[in-house]
Amino acid sequence: MWSRERGRLKPLRCGVEELRCRRREREAALRKARREQQLVSKRLLRDEALEEAEEGCVAVIFGEAEIQQFLRLAQRGTEEKEREGALVSLRRGLQRPETQQTFIRLEGSIRTLVGLLTSNRALLQLEAARCLHELSHSEQSAVVEACLPATSYLLTYLSGHSSDFIELCLYTLGNLIVESEAVRRQLLPQGIVPALAACIQSPHLTVLEALGYALSQLLQAKEAPEKIIPSVLGSTLPQHMLQLLQPGPKLNLGVAVEFAWCLHYIICSQVNNALLITQGALSTLGLLLLDLAGAVQRTEDAGLELLACPVLRGLSNLLTEAAAEAVGRQLQLRDERVVAALFILLQFLLQKQPSLLPEGLWLLNNLTANSPSFCTSLLSLDLIEPLLHLLSVSNVVSVLVLTVLCNVAEKGPAYCQRLWPGPLLSSLLDTLAFSDTEVVGQSLELLQLLFLYQPGAAQAFLQQSGLQALQRHEEVAQLQDRVHALQQIALHG
């Protein structure tokens, strides 16, 4: 990006555009890395009342003979309590990996358990489902894949009447999905997407939260963009998800967190974000951002940061879509409201979860990258100084803060003139003392824009010992051309 002319280093005429292109390339790489970050996990659903009743009962390791005895009693016991008790004992034993391995090796064990799952005795059916749930939580793929014969029944029971049983089936399916591609291959033709689409209309919040978990596990599969997400987008799931994310008195935090992550995974797949935007994803997430900012000011309740993360990520990624610009005006949100809400969330995250600060700054970067009006809001709300205060948090945060400031500066002289008064220069001199090459490189880009657009910036830089700050980086291969060019500009204009 730099050319030599008569022994002097000067920025090319297209230097500002090239700075922008380089930042966009770096952001594309970051977006790819963020898309590849997964939140794969399993969940164990255990009845609190049962846990209390069984308190003090240690899960023991059972051998083949004991497992066979429990299964025989469960099948042929003379009293229902005896049959149920056998499954309860088996379930406790299946909490141990050793018992799980023995169980799946035992011929006919899964077939027997599936038979009990399909029994017309509700209590036996429930305990058999709990045994399967313990198996689904295993970290051993062989144990999980042994549960394959049960998947079609678990799907069928999603249309049942017991919300507790449906919730248990959903968490079990979610655990099986995340562990095994074989399970996913079987579930797709069995109709898991239509089953989930029917289930999402449930009035029970516990069912909806469990459904969000199962769906999020399905959407994170490596084959999801090709084999799963097109079916999800072709169903009624996205519209129902967006309805469940609408701000208002009916918004439930647990449900919203699950479906915000689902929406994030669909957006990251980039299968058809234009469709999501036309269905209202951008406006829903924008309104949810404003609602979150209000909520963190009103309450100390834990958990709001869990919702903030997928909302910020989803908005950030949607704003990179061309279709977002076409419908951006439909948001009916003033730029200042969005920026003010985002800074409220940044302050909240700084106190509660600093590791999530990059999510908010990433959104601010995408808002200001191509929008003079958002840059104007940043300046008119006097938010540059609070932004500079974040430079001390971490190198990752520093790079994003400096990138946002570059977005503002590249809008031209009028913006640089409003940036220049205040602590910007001293903050830049501080960042030039960092050892992180990316932080220093971003500082150099911001200085180049200021030298280009703000008369007197180079002179002020010299007076504040800027040349000495630059000398530290003269021998760094990735920085030396820019360092030498800025030295020349500062000295000779």
# chains A, B, ... in the order shown; residues from 1 in each chain; ligands from 1
>>> residues_around(residues="Asn252 of chain A", least_positions_apart="6", cutoff="9 Å", atoms="only C-alpha atoms", output="list in words")
Leu205, Leu244 and Leu245 of chain A
>>> closest_atom_pairs(of="segment 321-388 of chain A", to="segment 407-428 of chain A", cutoff="10 Å", atoms="only C-alpha atoms", output="CSV")
residue,atom,partner,partner_atom,distance
A:Leu364,CA,A:Asn407,CA,9.9
A:Asn365,CA,A:Asn407,CA,7.4
A:Asn366,CA,A:Asn407,CA,9.2
A:Leu367,CA,A:Asn407,CA,9.5
A:Thr368,CA,A:Asn407,CA,6.0
A:Ala369,CA,A:Asn407,CA,5.3
A:Asn370,CA,A:Asn407,CA,7.8
A:Ser371,CA,A:Asn407,CA,8.8
A:Pro372,CA,A:Lys411,CA,6.7
A:Phe374,CA,A:Val408,CA,8.9
A:Cys375,CA,A:Val408,CA,5.5
A:Thr376,CA,A:Tyr415,CA,7.8
A:Leu378,CA,A:Val408,CA,8.6
A:Leu379,CA,A:Arg418,CA,7.2
A:Ser380,CA,A:Arg418,CA,9.2
A:Asp382,CA,A:Leu419,CA,9.9
A:Ile384,CA,A:Leu419,CA,7.6
A:Glu385,CA,A:Pro423,CA,7.2
A:Leu388,CA,A:Ser427,CA,7.0
